[in-house]
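Trainee: Please see the structure below; I have some questions.
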Amino acid sequence: MTRKQTRTAVILASLAILGIAAGLILYAIRDTIVFFYTPSEIAEKAVQPGTRLRLGGLVEKGTFVQGQNAMYSFAVTDTLKSMKVTYKGQLPDLFREGQGVVAEGTLQGDGSMVADTVLAKHDEKYMPKDVADKLKEKGVWQEGQTTTQ
């Protein structure tokens with residue numbers, strides 16, 4: 001084998017090993033990838049029940065219900081569509097109606113979501129970037145706007 005053929009074989013073998021390694025990494029993390037959606041996008045894309053996702057928007061006013069045993073129910077809206085969310089656990093201190101929220105959990109067959117994580121904004125002017133971007137696309141959020149109007 002000539003020097004050029006040896007070099008080509010080493011490069012091809014390295015690329016093959018790198019491709020296999022990338023494939024194994026992607027295969028290993030496929031279950032941990034969580035997509036971010038607004039309620040309107042979930043309706044448009046017909047996301048399948050059982051799918052793990054992040055739902056972002058505003059906590060719809062008048063929908064928050066506190067049940068027994070730290071069970072909570074509320075709706076998340078992007079002002080076009082709403083989605084019911086149930087959550088068992090302790091809500092963030094800054095969680096309120098009309099505020100930005102990101103809930104992570106599993107979509108149910110009835111179109112609601114069972115969340116295992118709820119994140120709330122941390123001050124009057126903060127909105128999670130993904131949520132703010134989606135709300136800006138819908139024309140319901142402007143930079144510097146607060147949700148306590």
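Chain identifiers are assigned as A, B, and so on, following the order in which chains appear in the structure tokens; residues are numbered from 1 within each chain, and ligands are numbered from 1 in order of appearance.
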Near A:Gly98, counting only C-alpha atoms, which residues have an atom at most 6 Å away, once you skip same-chain residues fewer than 3 positions from it, shown as a list in words?

Mentor: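 Result of the neighbour search: Leu58, Val59, Glu60, Lys61 and Thr147 of chain A.
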
Trainee: Report the residues of chain A whose backbone DSSP state falls under helix (DSSP H, G or I), written as a ChimeraX atom specification.

Mentor: /A:3-29,39-45,129-138

Trainee: Contacts of A:Ala46 at 12 Å or less, counting only C-alpha atoms, minus same-chain residues fewer than 5 places along, as a list in words?

Mentor: Tyr37, Pro39, Ser40, Glu41, Thr51, Leu107, Gly109 and Gly111 of chain A

Trainee: Find, counting only C-alpha atoms, the residue in A:Asp78, A:Ala9, A:Ala16, A:Thr86 that gets nearest to A:Gly139.

Mentor: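 The shortest atom-to-atom distance to A:Gly139 comes from A:Asp78.
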
Trainee: Give the answer as one residue: which of A:Thr77, A:Gln66, A:Thr38, A:Gln108 has the shortest atom-to-atom distance to A:Gln90, using only C-alpha atoms?

Mentor: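 Answer, going by the shortest atom-to-atom distance: A:Gln66.
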
Trainee: So which residues touch A:Val118 within 12 Å, counting only C-alpha atoms, skipping near sequence neighbours fewer than 5 positions away, as a VMD selection string?

Mentor: chain A and resid 54 to 57 59 72 to 74 76 85 to 96 100 to 105 113

Trainee: Emit the selected residues as a PDB file, in the first residue's frame, including C-alpha atoms.

Mentor:
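What ended up in again.pdb:
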ATOM      1  CA  ARG A  54     -42.473  21.836  27.167  1.00  0.00           C
ATOM      2  CA  LEU A  55     -45.531  24.043  27.094  1.00  0.00           C
ATOM      3  CA  GLY A  56     -45.002  27.776  27.357  1.00  0.00           C
ATOM      4  CA  GLY A  57     -47.246  30.795  27.588  1.00  0.00           C
ATOM      5  CA  VAL A  59     -51.163  31.347  33.087  1.00  0.00           C
ATOM      6  CA  TYR A  72     -52.876  22.088  41.083  1.00  0.00           C
ATOM      7  CA  SER A  73     -54.744  22.765  37.880  1.00  0.00           C
ATOM      8  CA  PHE A  74     -54.434  25.775  35.568  1.00  0.00           C
ATOM      9  CA  VAL A  76     -51.638  27.970  29.815  1.00  0.00           C
ATOM     10  CA  VAL A  85     -52.255  21.597  32.890  1.00  0.00           C
ATOM     11  CA  THR A  86     -52.295  19.547  36.083  1.00  0.00           C
ATOM     12  CA  TYR A  87     -49.320  19.483  38.402  1.00  0.00           C
ATOM     13  CA  LYS A  88     -48.571  17.745  41.678  1.00  0.00           C
ATOM     14  CA  GLY A  89     -45.862  19.314  43.770  1.00  0.00           C
ATOM     15  CA  GLN A  90     -44.765  22.693  45.004  1.00  0.00           C
ATOM     16  CA  LEU A  91     -45.270  25.580  42.585  1.00  0.00           C
ATOM     17  CA  PRO A  92     -42.603  28.297  42.306  1.00  0.00           C
ATOM     18  CA  ASP A  93     -43.116  31.260  44.655  1.00  0.00           C
ATOM     19  CA  LEU A  94     -43.614  33.636  41.725  1.00  0.00           C
ATOM     20  CA  PHE A  95     -46.269  31.507  40.030  1.00  0.00           C
ATOM     21  CA  ARG A  96     -49.410  33.625  39.460  1.00  0.00           C
ATOM     22  CA  GLY A 100     -45.221  33.661  32.081  1.00  0.00           C
ATOM     23  CA  VAL A 101     -44.786  29.953  32.726  1.00  0.00           C
ATOM     24  CA  VAL A 102     -43.097  26.926  31.201  1.00  0.00           C
ATOM     25  CA  ALA A 103     -44.496  23.515  32.131  1.00  0.00           C
ATOM     26  CA  GLU A 104     -42.697  20.316  31.209  1.00  0.00           C
ATOM     27  CA  GLY A 105     -44.568  17.041  31.125  1.00  0.00           C
ATOM     28  CA  MET A 113     -50.947  17.982  30.029  1.00  0.00           C
TER      29      MET A 113
END

Trainee: Enumerate the residues of chain A with a DSSP assignment of strand (DSSP E), computed from the backbone, and present them as number ranges by chain.

Mentor: A: 35-37, 52-59, 65-66, 71-77, 82-88, 100-107, 113-120

Trainee: Output the selection as a short mmCIF file (atom, residue, chain, number, x, y, z; two decimals), in the first residue's frame - N, CA and C atoms for each residue.

Mentor:
data_model
loop_
_atom_site.label_atom_id
_atom_site.label_comp_id
_atom_site.auth_asym_id
_atom_site.auth_seq_id
_atom_site.Cartn_x
_atom_site.Cartn_y
_atom_site.Cartn_z
N PHE A 35 -39.30 18.95 23.19
CA PHE A 35 -39.59 20.06 22.31
C PHE A 35 -40.47 21.09 23.01
N PHE A 36 -40.29 22.37 22.63
CA PHE A 36 -41.03 23.48 23.21
C PHE A 36 -42.17 23.88 22.27
N TYR A 37 -43.38 23.99 22.83
CA TYR A 37 -44.55 24.37 22.06
C TYR A 37 -45.41 25.38 22.81
N ARG A 52 -43.58 13.74 25.33
CA ARG A 52 -43.02 14.61 26.36
C ARG A 52 -42.68 15.94 25.71
N LEU A 53 -43.10 17.04 26.33
CA LEU A 53 -42.87 18.35 25.73
C LEU A 53 -42.83 19.44 26.79
N ARG A 54 -42.43 20.63 26.34
CA ARG A 54 -42.47 21.84 27.17
C ARG A 54 -43.56 22.72 26.60
N LEU A 55 -44.44 23.16 27.47
CA LEU A 55 -45.53 24.04 27.09
C LEU A 55 -45.26 25.41 27.69
N GLY A 56 -45.28 26.44 26.86
CA GLY A 56 -45.00 27.78 27.36
C GLY A 56 -46.08 28.75 26.98
N GLY A 57 -46.27 29.74 27.83
CA GLY A 57 -47.25 30.79 27.59
C GLY A 57 -47.51 31.54 28.87
N LEU A 58 -48.73 32.04 29.00
CA LEU A 58 -49.16 32.77 30.19
C LEU A 58 -50.17 31.93 30.95
N VAL A 59 -50.15 32.03 32.28
CA VAL A 59 -51.16 31.35 33.09
C VAL A 59 -52.46 32.13 32.88
N VAL A 65 -56.68 26.43 40.03
CA VAL A 65 -57.43 25.72 41.06
C VAL A 65 -56.45 24.90 41.89
N GLN A 66 -56.52 25.09 43.21
CA GLN A 66 -55.67 24.31 44.11
C GLN A 66 -56.50 23.18 44.67
N MET A 71 -52.07 19.21 44.69
CA MET A 71 -52.45 19.02 43.30
C MET A 71 -53.02 20.34 42.77
N TYR A 72 -52.47 20.81 41.65
CA TYR A 72 -52.88 22.09 41.08
C TYR A 72 -53.35 21.89 39.65
N SER A 73 -54.25 22.77 39.24
CA SER A 73 -54.74 22.77 37.88
C SER A 73 -54.81 24.21 37.40
N PHE A 74 -54.39 24.44 36.16
CA PHE A 74 -54.43 25.77 35.57
C PHE A 74 -54.36 25.62 34.06
N ALA A 75 -54.62 26.71 33.35
CA ALA A 75 -54.54 26.69 31.89
C ALA A 75 -53.41 27.60 31.45
N VAL A 76 -52.69 27.17 30.42
CA VAL A 76 -51.64 27.97 29.81
C VAL A 76 -52.17 28.44 28.47
N THR A 77 -52.01 29.74 28.20
CA THR A 77 -52.53 30.30 26.97
C THR A 77 -51.48 31.13 26.23
N SER A 82 -55.78 27.72 24.52
CA SER A 82 -55.42 27.40 25.90
C SER A 82 -55.28 25.91 26.05
N MET A 83 -54.50 25.51 27.05
CA MET A 83 -54.35 24.09 27.34
C MET A 83 -54.35 23.90 28.84
N LYS A 84 -55.14 22.94 29.31
CA LYS A 84 -55.21 22.64 30.73
C LYS A 84 -53.96 21.87 31.16
N VAL A 85 -53.44 22.24 32.33
CA VAL A 85 -52.26 21.60 32.89
C VAL A 85 -52.58 21.19 34.32
N THR A 86 -52.21 19.97 34.69
CA THR A 86 -52.29 19.55 36.08
C THR A 86 -50.88 19.29 36.57
N TYR A 87 -50.66 19.60 37.83
CA TYR A 87 -49.32 19.48 38.40
C TYR A 87 -49.44 19.09 39.86
N LYS A 88 -48.62 18.14 40.27
CA LYS A 88 -48.57 17.74 41.68
C LYS A 88 -47.18 18.07 42.19
N GLY A 100 -45.84 34.63 32.98
CA GLY A 100 -45.22 33.66 32.08
C GLY A 100 -44.88 32.38 32.81
N VAL A 101 -45.04 31.26 32.12
CA VAL A 101 -44.79 29.95 32.73
C VAL A 101 -44.32 28.98 31.64
N VAL A 102 -43.48 28.05 32.05
CA VAL A 102 -43.10 26.93 31.20
C VAL A 102 -43.35 25.67 32.01
N ALA A 103 -44.18 24.78 31.47
CA ALA A 103 -44.50 23.52 32.13
C ALA A 103 -43.94 22.39 31.28
N GLU A 104 -43.26 21.45 31.92
CA GLU A 104 -42.70 20.32 31.21
C GLU A 104 -43.39 19.06 31.69
N GLY A 105 -43.86 18.26 30.75
CA GLY A 105 -44.57 17.04 31.12
C GLY A 105 -45.01 16.26 29.91
N THR A 106 -46.10 15.48 30.10
CA THR A 106 -46.58 14.57 29.07
C THR A 106 -47.97 14.96 28.61
N LEU A 107 -48.18 14.97 27.31
CA LEU A 107 -49.47 15.27 26.72
C LEU A 107 -50.41 14.09 26.92
N MET A 113 -52.34 18.36 29.76
CA MET A 113 -50.95 17.98 30.03
C MET A 113 -50.79 17.69 31.51
N VAL A 114 -50.05 16.66 31.83
CA VAL A 114 -49.66 16.37 33.21
C VAL A 114 -48.20 16.79 33.33
N ALA A 115 -47.97 17.85 34.10
CA ALA A 115 -46.63 18.40 34.22
C ALA A 115 -45.90 17.79 35.42
N ASP A 116 -44.59 17.63 35.25
CA ASP A 116 -43.76 17.21 36.38
C ASP A 116 -42.80 18.32 36.78
N THR A 117 -42.73 19.39 35.97
CA THR A 117 -41.90 20.55 36.27
C THR A 117 -42.65 21.80 35.84
N VAL A 118 -42.68 22.80 36.72
CA VAL A 118 -43.28 24.09 36.37
C VAL A 118 -42.27 25.18 36.71
N LEU A 119 -41.97 26.02 35.73
CA LEU A 119 -41.03 27.12 35.91
C LEU A 119 -41.78 28.43 35.73
N ALA A 120 -41.53 29.40 36.61
CA ALA A 120 -42.17 30.70 36.51
C ALA A 120 -41.10 31.77 36.31
#
